[in-house]
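J.: My structure is in target01.tsv, and what it holds is TSV, C-alpha atoms and all ligand atoms:
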chain	number	residue	atom	x	y	z
X	132	MET	CA	129.46	114.77	75.02
X	133	LEU	CA	131.44	117.73	76.32
X	134	LYS	CA	133.29	117.96	73.00
X	135	ILE	CA	130.00	118.13	71.02
X	136	GLN	CA	128.79	120.89	73.33
X	137	GLU	CA	132.04	122.83	72.80
X	138	ASN	CA	131.74	122.54	69.04
X	139	THR	CA	128.08	123.52	69.04
X	140	ASN	CA	129.05	126.60	71.04
X	141	SER	CA	131.79	127.52	68.58
X	142	TYR	CA	129.29	127.05	65.73
X	143	ILE	CA	126.88	129.46	67.42
X	144	GLU	CA	129.72	131.88	68.15
X	145	THR	CA	130.58	131.96	64.44
X	146	PHE	CA	127.00	132.88	63.58
X	147	HIS	CA	126.98	135.60	66.22
X	148	LYS	CA	130.24	137.00	64.88
X	149	VAL	CA	128.78	137.23	61.36
X	150	ILE	CA	125.72	139.07	62.67
X	151	GLU	CA	127.82	141.35	64.88
X	152	GLU	CA	130.05	142.31	61.93
X	153	SER	CA	127.09	143.23	59.79
X	154	ASN	CA	125.73	145.42	62.59
X	155	LYS	CA	128.74	147.75	62.66
X	156	ARG	CA	127.35	150.38	60.36
X	157	ASN	CA	128.34	153.69	61.91
X	158	THR	CA	131.91	154.32	60.82
X	159	LYS	CA	132.47	156.97	58.12
X	160	HIS	CA	134.56	156.03	55.11
X	161	LEU	CA	138.03	157.53	55.06
X	162	ILE	CA	139.08	159.29	51.82
X	163	LEU	CA	142.61	160.47	51.03
X	164	LEU	CA	142.95	163.54	48.77
X	165	VAL	CA	146.27	164.24	47.05
X	166	ASP	CA	146.97	167.47	45.15
X	167	ASP	CA	149.88	169.93	45.07
X	168	GLU	CA	147.57	172.90	44.34
X	169	PRO	CA	146.14	174.24	47.63
X	170	ASP	CA	142.96	175.64	46.00
X	171	ASN	CA	142.12	172.30	44.37
X	172	LEU	CA	142.79	170.43	47.59
X	173	ALA	CA	140.57	172.83	49.53
X	174	LEU	CA	137.73	172.43	47.01
X	175	LEU	CA	137.96	168.64	47.17
X	176	ARG	CA	137.95	168.73	50.97
X	177	ARG	CA	134.98	171.12	51.13
X	178	THR	CA	132.98	168.96	48.74
X	179	LEU	CA	133.49	165.67	50.54
X	180	ARG	CA	133.95	166.41	54.25
X	181	SER	CA	130.23	166.60	55.07
X	182	LYS	CA	129.77	162.92	54.24
X	183	TYR	CA	133.22	161.38	54.62
X	184	GLU	CA	136.24	161.51	56.87
X	185	VAL	CA	138.90	163.25	54.79
X	186	ILE	CA	142.70	163.41	55.02
X	187	THR	CA	145.02	165.25	52.64
X	188	ALA	CA	148.54	165.17	51.23
X	189	THR	CA	150.28	167.64	48.92
X	190	ASN	CA	152.46	165.17	46.98
X	191	GLY	CA	152.72	161.47	46.09
X	192	LYS	CA	155.54	160.72	48.51
X	193	GLU	CA	153.72	162.17	51.50
X	194	ALA	CA	150.52	160.38	50.41
X	195	LEU	CA	152.37	157.08	50.14
X	196	GLU	CA	153.55	157.43	53.75
X	197	ILE	CA	149.94	157.96	54.83
X	198	VAL	CA	148.85	154.86	52.87
X	199	LYS	CA	151.63	152.81	54.49
X	200	GLN	CA	150.40	153.81	57.94
X	201	ARG	CA	146.62	153.94	57.44
X	202	GLY	CA	146.00	151.88	54.29
X	203	LYS	CA	143.69	149.45	56.09
X	204	GLU	CA	141.38	152.33	57.02
X	205	ILE	CA	141.25	154.04	53.61
X	206	SER	CA	138.35	153.30	51.26
X	207	LEU	CA	139.05	155.69	48.38
X	208	ILE	CA	141.82	157.99	47.10
X	209	ILE	CA	141.53	160.93	44.72
X	210	SER	CA	144.87	162.08	43.36
X	211	ASP	CA	145.93	164.72	40.90
X	212	GLN	CA	148.06	163.40	38.02
X	213	LYS	CA	150.52	166.26	37.54
X	214	MET	CA	152.43	166.67	40.75
X	215	PRO	CA	156.08	167.28	41.65
X	216	ILE	CA	158.16	164.39	43.13
X	217	MET	CA	155.73	161.66	42.04
X	218	GLN	CA	153.03	161.59	39.35
X	219	GLY	CA	149.52	160.41	40.25
X	220	THR	CA	149.73	157.18	38.23
X	221	GLU	CA	153.07	156.23	39.82
X	222	PHE	CA	151.64	156.86	43.27
X	223	PHE	CA	148.56	154.74	42.42
X	224	ALA	CA	150.70	151.89	41.07
X	225	ASN	CA	152.37	151.75	44.52
X	226	VAL	CA	149.02	151.87	46.30
X	227	ALA	CA	147.66	149.06	44.05
X	228	GLU	CA	150.49	146.78	45.19
X	229	MET	CA	149.91	147.44	48.87
X	230	TYR	CA	146.13	147.79	49.00
X	231	PRO	CA	144.47	146.62	45.77
X	232	ASP	CA	140.98	147.12	47.20
X	233	ILE	CA	141.27	150.88	47.73
X	234	VAL	CA	139.24	152.65	45.03
X	235	LYS	CA	141.48	154.98	43.01
X	236	MET	CA	140.36	158.10	41.12
X	237	LEU	CA	142.67	160.28	39.07
X	238	LEU	CA	142.21	164.00	38.49
X	239	THR	CA	143.46	164.93	35.07
X	240	GLY	CA	143.09	167.30	32.07
X	241	HIS	CA	141.39	166.13	28.83
X	242	SER	CA	144.65	166.53	26.90
X	243	ASP	CA	146.57	164.07	29.14
X	244	ILE	CA	144.35	161.03	28.59
X	245	ASP	CA	145.99	159.46	25.53
X	246	ILE	CA	149.45	159.51	27.09
X	247	LEU	CA	148.11	158.11	30.34
X	248	VAL	CA	146.15	155.07	29.10
X	249	ASP	CA	148.97	152.60	29.76
X	250	SER	CA	149.80	153.82	33.22
X	251	ILE	CA	146.12	154.02	34.09
X	252	ASN	CA	145.72	150.31	33.29
X	253	LYS	CA	148.78	149.45	35.39
X	254	CYS	CA	147.46	151.13	38.51
X	255	ASN	CA	143.98	149.56	38.30
X	256	LEU	CA	142.21	152.90	38.29
X	257	PHE	CA	138.50	152.99	39.04
X	258	GLN	CA	137.82	156.25	37.22
X	259	TYR	CA	139.43	159.49	36.08
X	260	ILE	CA	137.86	162.85	36.75
X	261	PHE	CA	138.39	165.70	34.30
X	262	LYS	CA	139.38	169.11	35.59
X	263	PRO	CA	137.70	171.40	36.25
X	264	PHE	CA	134.92	169.43	37.94
X	265	GLU	CA	131.54	170.34	39.37
X	266	PRO	CA	131.30	169.53	43.13
X	267	GLU	CA	127.91	167.80	42.69
X	268	GLU	CA	129.30	165.67	39.90
X	269	LEU	CA	132.35	164.77	42.02
X	270	MET	CA	130.13	163.77	44.95
X	271	LEU	CA	128.16	161.39	42.71
X	272	ILE	CA	131.31	159.79	41.30
X	273	VAL	CA	132.72	159.31	44.80
X	274	GLN	CA	129.46	157.79	46.05
X	275	ASN	CA	129.61	155.38	43.16
X	276	GLY	CA	133.22	154.45	44.04
X	277	ILE	CA	132.31	153.93	47.70
X	278	GLU	CA	129.47	151.59	46.69
X	279	VAL	CA	131.90	149.53	44.63
X	280	PHE	CA	134.29	149.41	47.60
X	281	GLU	CA	131.51	148.25	49.94
X	282	LEU	CA	130.40	145.59	47.50
X	283	ALA	CA	133.93	144.19	47.19
X	284	GLN	CA	134.32	144.17	50.99
X	285	SER	CA	130.96	142.42	51.49
X	286	LYS	CA	131.93	139.78	48.96
X	287	LYS	CA	135.25	139.19	50.75
X	288	ARG	CA	133.55	139.03	54.12
X	289	MET	CA	130.97	136.60	52.83
X	290	LEU	CA	133.65	134.32	51.38
X	291	LYS	CA	135.59	134.45	54.62
X	292	ASP	CA	132.47	133.71	56.67
X	293	LEU	CA	131.61	130.81	54.40
X	294	LYS	CA	135.09	129.33	54.79
X	295	GLU	CA	134.92	129.77	58.55
X	296	LEU	CA	131.49	128.17	58.66
X	297	PHE	CA	132.68	125.34	56.44
X	298	TYR	CA	135.70	124.69	58.67
X	299	THR	CA	133.63	124.82	61.88
X	300	THR	CA	131.04	122.47	60.39
X	301	ILE	CA	133.61	119.93	59.27
X	302	LYS	CA	135.32	120.01	62.68
X	303	SER	CA	131.98	119.64	64.48
X	304	ILE	CA	131.02	116.62	62.38
X	305	ALA	CA	134.44	115.02	63.00
X	306	SER	CA	134.13	115.60	66.77
X	307	ALA	CA	130.58	114.25	66.85
X	308	LEU	CA	131.82	111.19	65.05
X	309	ASP	CA	134.78	110.67	67.39
X	310	ALA	CA	132.47	111.08	70.38
X	311	LYS	CA	130.43	108.03	69.29
X	312	ASP	CA	133.25	105.81	70.45
X	313	THR	CA	135.22	106.77	73.56
X	314	TYR	CA	138.07	104.56	72.43
X	315	THR	CA	138.54	106.38	69.14
X	316	HIS	CA	138.30	109.86	70.66
X	317	GLY	CA	140.36	112.27	68.51
X	318	HIS	CA	140.83	109.63	65.81
X	319	SER	CA	139.66	111.81	62.88
X	320	LEU	CA	141.91	114.68	63.94
X	321	ARG	CA	144.99	112.45	64.32
X	322	VAL	CA	144.36	110.70	60.99
X	323	THR	CA	144.20	114.17	59.43
X	324	LEU	CA	147.53	115.13	60.99
X	325	TYR	CA	149.31	111.98	59.87
X	326	SER	CA	147.88	112.41	56.35
X	327	LEU	CA	149.13	116.01	56.20
X	328	ILE	CA	152.60	114.89	57.36
X	329	LEU	CA	152.84	112.32	54.55
X	330	ALA	CA	151.58	114.79	51.92
X	331	LYS	CA	154.01	117.44	53.12
X	332	HIS	CA	156.92	115.13	52.31
X	333	MET	CA	155.65	114.30	48.80
X	334	ASN	CA	156.65	116.13	45.62
X	335	GLY	CA	154.23	118.21	43.54
X	336	ILE	CA	151.58	118.67	46.22
X	337	ASN	CA	149.76	121.99	46.14
X	338	GLU	CA	147.75	123.84	48.76
X	339	LYS	CA	144.38	122.92	47.22
X	340	PHE	CA	145.23	119.23	47.56
X	341	MET	CA	146.34	119.76	51.17
X	342	GLU	CA	143.06	121.53	51.94
X	343	GLU	CA	141.00	118.71	50.42
X	344	LEU	CA	143.13	116.08	52.12
X	345	GLU	CA	142.57	117.77	55.47
X	346	THR	CA	138.82	117.76	54.85
X	347	ALA	CA	138.95	114.11	53.80
X	348	GLY	CA	140.97	113.20	56.90
X	349	LEU	CA	138.48	114.87	59.22
X	350	LEU	CA	135.53	113.21	57.47
X	351	HIS	CA	137.06	109.87	56.45
X	352	ASP	CA	134.84	107.83	58.79
X	353	ILE	CA	131.68	109.95	58.42
X	354	GLY	CA	129.85	106.87	57.13
X	355	LYS	CA	130.08	105.44	60.69
X	356	ILE	CA	127.57	108.06	61.83
X	357	GLY	CA	124.78	105.71	60.78
X	358	ILE	CA	126.27	102.69	62.59
X	359	SER	CA	125.17	101.93	66.15
X	360	GLU	CA	127.51	102.42	69.11
X	361	GLY	CA	126.72	98.84	70.08
X	362	ILE	CA	128.65	97.63	67.06
X	363	LEU	CA	131.29	100.40	66.95
X	364	CYS	CA	132.24	99.99	70.63
X	365	LYS	CA	131.71	96.22	70.95
X	366	PRO	CA	134.54	94.92	73.15
X	367	GLY	CA	134.46	91.35	71.84
X	368	LYS	CA	134.81	89.88	68.38
X	369	LEU	CA	132.37	91.15	65.76
X	370	SER	CA	130.01	88.68	64.09
X	371	ASP	CA	130.25	88.34	60.31
X	372	GLU	CA	127.08	90.36	59.97
X	373	GLU	CA	128.39	93.13	62.23
X	374	TYR	CA	131.68	93.22	60.35
X	375	GLU	CA	129.76	93.67	57.07
X	376	ILE	CA	127.91	96.61	58.62
X	377	ILE	CA	131.23	98.21	59.66
X	378	LYS	CA	132.57	97.60	56.17
X	379	SER	CA	129.71	99.59	54.66
X	380	HIS	CA	130.97	102.87	56.15
X	381	PRO	CA	133.12	104.04	53.19
X	382	GLU	CA	130.17	103.76	50.79
X	383	LYS	CA	127.81	105.34	53.33
X	384	GLY	CA	130.29	108.22	53.69
X	385	LYS	CA	130.47	108.68	49.94
X	386	LYS	CA	126.67	108.80	49.68
X	387	LEU	CA	126.49	111.39	52.44
X	388	LEU	CA	128.95	113.75	50.76
X	389	THR	CA	128.27	113.24	47.05
X	390	SER	CA	125.45	115.76	46.99
X	391	ILE	CA	127.75	118.50	48.34
X	392	LYS	CA	129.46	119.94	45.25
X	393	LYS	CA	132.53	121.21	47.14
X	394	LEU	CA	133.06	117.74	48.62
X	395	ASN	CA	132.60	115.69	45.45
X	396	CYS	CA	136.21	114.55	45.07
X	397	VAL	CA	136.58	114.13	48.84
X	398	SER	CA	133.60	111.73	48.82
X	399	GLU	CA	135.38	109.54	46.26
X	400	TRP	CA	138.50	109.48	48.44
X	401	LEU	CA	136.48	108.42	51.50
X	402	ASN	CA	135.03	105.54	49.56
X	403	SER	CA	138.53	104.16	48.93
X	404	HIS	CA	140.29	104.57	52.27
X	405	HIS	CA	140.00	100.85	53.08
X	406	GLU	CA	141.23	99.68	49.71
X	407	ARG	CA	144.61	97.89	49.78
X	408	TRP	CA	147.52	98.22	47.37
X	409	ASP	CA	147.30	94.49	46.47
X	410	GLY	CA	143.58	94.67	45.64
X	411	THR	CA	142.30	92.78	48.71
X	412	GLY	CA	140.64	95.79	50.34
X	413	TYR	CA	137.04	97.01	50.19
X	414	PRO	CA	134.54	98.09	48.88
X	415	ASN	CA	135.70	97.88	45.23
X	416	HIS	CA	138.92	95.82	45.47
X	417	LEU	CA	140.83	98.59	43.72
X	418	LYS	CA	144.50	97.85	43.13
X	419	GLY	CA	147.69	99.96	43.12
X	420	GLU	CA	147.30	103.34	41.48
X	421	GLU	CA	143.61	102.73	40.81
X	422	ILE	CA	143.20	103.83	44.42
X	423	PRO	CA	143.20	107.65	44.66
X	424	ILE	CA	146.51	108.86	46.13
X	425	SER	CA	144.75	110.64	49.00
X	426	ALA	CA	142.98	107.40	49.98
X	427	ARG	CA	146.36	105.62	49.96
X	428	ILE	CA	147.70	108.35	52.27
X	429	ILE	CA	144.72	108.12	54.63
X	430	ALA	CA	145.06	104.31	54.73
X	431	ILE	CA	148.55	104.58	56.30
X	432	ALA	CA	147.48	107.40	58.66
X	433	ASP	CA	144.38	105.42	59.70
X	434	THR	CA	146.34	102.22	60.42
X	435	TYR	CA	149.05	104.08	62.37
X	436	ASP	CA	146.41	105.72	64.57
X	437	ALA	CA	144.44	102.50	65.03
X	438	MET	CA	147.58	100.82	66.38
X	439	THR	CA	148.85	103.68	68.56
X	440	SER	CA	145.45	104.32	70.22
X	441	SER	CA	143.79	102.25	72.94
X	442	ARG	CA	140.85	100.15	71.80
X	443	SER	CA	138.11	98.35	73.72
X	444	TYR	CA	139.94	95.07	73.12
X	445	ARG	CA	143.60	96.16	73.64
X	446	LYS	CA	145.90	98.92	74.88
X	447	ALA	CA	147.71	101.36	72.59
X	448	LEU	CA	150.78	99.89	70.91
X	449	PRO	CA	154.11	101.77	70.99
X	450	HIS	CA	155.19	103.86	67.99
X	451	GLU	CA	157.93	101.36	67.08
X	452	VAL	CA	155.45	98.48	66.81
X	453	ALA	CA	153.14	100.52	64.55
X	454	ARG	CA	156.10	101.62	62.44
X	455	ASP	CA	157.35	98.03	61.95
X	456	GLU	CA	153.85	96.88	60.99
X	457	ILE	CA	153.51	99.60	58.35
X	458	LEU	CA	156.95	98.76	56.94
X	459	ARG	CA	156.00	95.07	56.89
X	460	CYS	CA	152.87	95.82	54.84
X	461	LYS	CA	154.77	97.80	52.20
X	462	GLY	CA	153.55	96.72	48.76
X	463	THR	CA	150.73	94.54	50.13
X	464	GLN	CA	148.42	96.75	52.16
X	465	PHE	CA	150.17	100.06	51.44
X	466	ASP	CA	151.60	102.01	48.51
X	467	PRO	CA	155.37	101.20	48.67
X	468	GLN	CA	156.42	104.76	47.78
X	469	LEU	CA	154.25	106.17	50.54
X	470	VAL	CA	155.72	103.71	53.03
X	471	ASP	CA	159.19	105.04	52.08
X	472	ILE	CA	157.92	108.55	52.79
X	473	PHE	CA	156.45	107.33	56.08
X	474	GLU	CA	159.84	105.95	57.05
X	475	LYS	CA	161.44	109.34	56.45
X	476	ALA	CA	158.68	111.19	58.34
X	477	GLU	CA	158.08	108.75	61.19
X	478	LYS	CA	159.57	111.05	63.85
X	479	GLU	CA	156.98	113.68	62.95
X	480	PHE	CA	154.24	111.07	63.42
X	481	ALA	CA	155.47	110.51	66.96
X	482	ILE	CA	155.52	114.28	67.66
X	483	ALA	CA	151.98	114.74	66.32
X	484	HIS	CA	150.82	111.71	68.33
X	485	ASP	CA	152.13	113.23	71.58
X	486	ASP	CA	150.33	116.58	71.17
X	487	PRO	CA	147.81	116.42	68.30
X	488	GLU	CA	145.99	119.68	69.13
X	489	LYS	CA	149.23	121.69	69.10
X	490	TYR	CA	150.41	120.03	65.91
X	491	TYR	CA	147.05	120.67	64.24
X	492	LYS	CA	147.10	124.36	65.16
X	493	GLU	CA	150.52	124.73	63.59
X	494	ASN	CA	149.90	122.72	60.42
X	495	SER	CA	146.22	122.93	59.49
X	496	ILE	CA	145.49	124.53	56.12
X	497	LEU	CA	141.84	125.22	56.95
X	498	ARG	CA	142.81	127.03	60.14
X	499	GLN	CA	145.30	129.15	58.21
X	500	TYR	CA	142.49	130.44	56.01
X	501	ILE	CA	140.68	131.70	59.03
X	502	ALA	CA	143.70	133.12	60.78
X	503	GLN	CA	144.94	134.96	57.66
X	504	ASP	CA	145.44	138.73	57.70
X	505	GLU	CA	142.06	140.19	56.97
X	506	GLY	CA	143.49	143.42	55.56
X	507	GLN	CA	140.67	145.82	54.86
X	508	LEU	CA	138.16	143.34	56.17
X	509	SER	CA	139.09	144.53	59.64
X	510	LYS	CA	137.22	147.73	58.85
X	511	VAL	CA	133.51	147.22	58.47
X	512	VAL	CA	131.91	150.35	57.08
X	513	TYR	CA	128.62	151.07	55.34
I	1	FE	FE	137.44	103.87	58.11
Could you show the structure in this file as structure tokens?
T.:
Amino acid sequence: MLKIQENTNSYIETFHKVIEESNKRNTKHLILLVDDEPDNLALLRRTLRSKYEVITATNGKEALEIVKQRGKEISLIISDQKMPIMQGTEFFANVAEMYPDIVKMLLTGHSDIDILVDSINKCNLFQYIFKPFEPEELMLIVQNGIEVFELAQSKKRMLKDLKELFYTTIKSIASALDAKDTYTHGHSLRVTLYSLILAKHMNGINEKFMEELETAGLLHDIGKIGISEGILCKPGKLSDEEYEIIKSHPEKGKKLLTSIKKLNCVSEWLNSHHERWDGTGYPNHLKGEEIPISARIIAIADTYDAMTSSRSYRKALPHEVARDEILRCKGTQFDPQLVDIFEKAEKEFAIAHDDPEKYYKENSILRQYIAQDEGQLSKVVY
């Protein structure tokens, strides 16, 4: 119960964070102006300083140093093209590598344009401004650039918030599920860990697969949500009827997730996590490679956790006993190649078993998305 409360709180916290972020609307945008001609630089500064925070540099090298130090704060840069030491396009090409989101505007003469087309494309320029320019016209162009910057930042923030919300939701569902049965507390998390360990040791696995596998691991028993605790936690032997109800959970899980587009393939994997390599599993008696690889991975992880955790009818078995059982079922219950991988990775299983929370923090793909460097997202300006 405590775990559900904790997760509900973290869910609410996420919502509050999103609202808080969107309320920070008072910071002025920072614009960097780069020009070697003092009169031009002064005109640019005079035009823009009433509405924006403005910093200046008199050549590309100096400007690059400023970008290195304050790039996360800068929204837009206006640079002259013809400058000593470093040309405007070269400077912008460097900026584009470090901070692709900064809006870049190049000051140039009409006659330079043809020669510059290539370099302009390379530095992902937003717009060029012909010299001489009218201050009012410049202000409008800059406003336009700032709007584009804000739009890109909002989109990034929204995507990040969605991922965070998605992760929190999945974790909350998994915890709610684990809380239904005190004996299987933490089961979904540990199955996820063991699945990630196996996948990590396989060839040709990409990050997208790892992300989906993690989601599938956390949700693999979601179909049990509709099954009563009386049956799930029954200490004695299940009746045939009760066993059939338990066996319906993969299909129930699939039905629950099918309507969620992002979880379509995951729902198929859940449906197959009790299939067996020799075709004697359920619900569809799939055989060998007919069973999705992720479901074959989860099957080993699930069995290892079932054996190494205490149940209402027996105490947790030692790692060695679980290992021997998995090796014994190679080619009957489990994919033989995956059992070979398990054998190589078994020490990691034991480590994850001893401290699952720590292991999850260090190896989760979904958590990495949230903890990633937010770059310019750290600055919320409107
Ligand atoms: Fe299951």
J.: Would you mind telling me which residue in X:Ala173, X:Leu256, X:Ala430, X:Ile362 lies nearest to ligand FE 1 (chain I) when using all atoms listed in the file?
T.: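 Answer, going by the shortest atom-to-atom distance: X:Ala430.
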J.: Check which residues fall inside 9 Å of ligand FE 1 (chain I) when counting only C-alpha atoms and all ligand atoms, and print them as a list in words.
T.: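 Counting only C-alpha atoms and all ligand atoms, the residues within 9 Å of ligand FE 1 (chain I) come out as His351, Asp352, Ile353, Gly354, Lys355, Ile377, Lys378, His380, Pro381, Leu401, His404, His405, Ala430 and Asp433 of chain X.
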J.: How would the residues just picked look written out with C-alpha atoms as a PDB file, in the coordinates of the input?
T.:
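Output (part-v9.pdb):
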ATOM      1  CA  HIS X 351     137.060 109.870  56.450  1.00  0.00           C
ATOM      2  CA  ASP X 352     134.840 107.830  58.790  1.00  0.00           C
ATOM      3  CA  ILE X 353     131.680 109.950  58.420  1.00  0.00           C
ATOM      4  CA  GLY X 354     129.850 106.870  57.130  1.00  0.00           C
ATOM      5  CA  LYS X 355     130.080 105.440  60.690  1.00  0.00           C
ATOM      6  CA  ILE X 377     131.230  98.210  59.660  1.00  0.00           C
ATOM      7  CA  LYS X 378     132.570  97.600  56.170  1.00  0.00           C
ATOM      8  CA  HIS X 380     130.970 102.870  56.150  1.00  0.00           C
ATOM      9  CA  PRO X 381     133.120 104.040  53.190  1.00  0.00           C
ATOM     10  CA  LEU X 401     136.480 108.420  51.500  1.00  0.00           C
ATOM     11  CA  HIS X 404     140.290 104.570  52.270  1.00  0.00           C
ATOM     12  CA  HIS X 405     140.000 100.850  53.080  1.00  0.00           C
ATOM     13  CA  ALA X 430     145.060 104.310  54.730  1.00  0.00           C
ATOM     14  CA  ASP X 433     144.380 105.420  59.700  1.00  0.00           C
TER      15      ASP X 433
END
J.: Find, counting only C-alpha atoms, the residue in X:Asn190, X:Lys287, X:Tyr490, X:Gln200 that gets nearest to X:Ile216.
T.: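 That would be X:Asn190, the residue with the smallest distance to X:Ile216.
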J.: One decimal, in Å: what's the spacing between atom CA of X:Lys383 and atom CA of X:Leu497?
T.: 24.6 Å
J.: Do you have, as a Markdown table, the list of residues of stretch 244-305 of chain X lying at most 9 Å from stretch 342-349 of chain X, each with its nearest atom pair and that distance in Å to one decimal, counting all atoms listed in the file and ordered by chain then number?
T.:
| residue | atom | partner | partner_atom | distance |
| --- | --- | --- | --- | --- |
| X:Tyr298 | CA | X:Thr346 | CA | 8.5 |
| X:Ile301 | CA | X:Leu349 | CA | 7.0 |
| X:Lys302 | CA | X:Leu349 | CA | 7.0 |
| X:Ile304 | CA | X:Leu349 | CA | 8.3 |
| X:Ala305 | CA | X:Leu349 | CA | 5.5 |
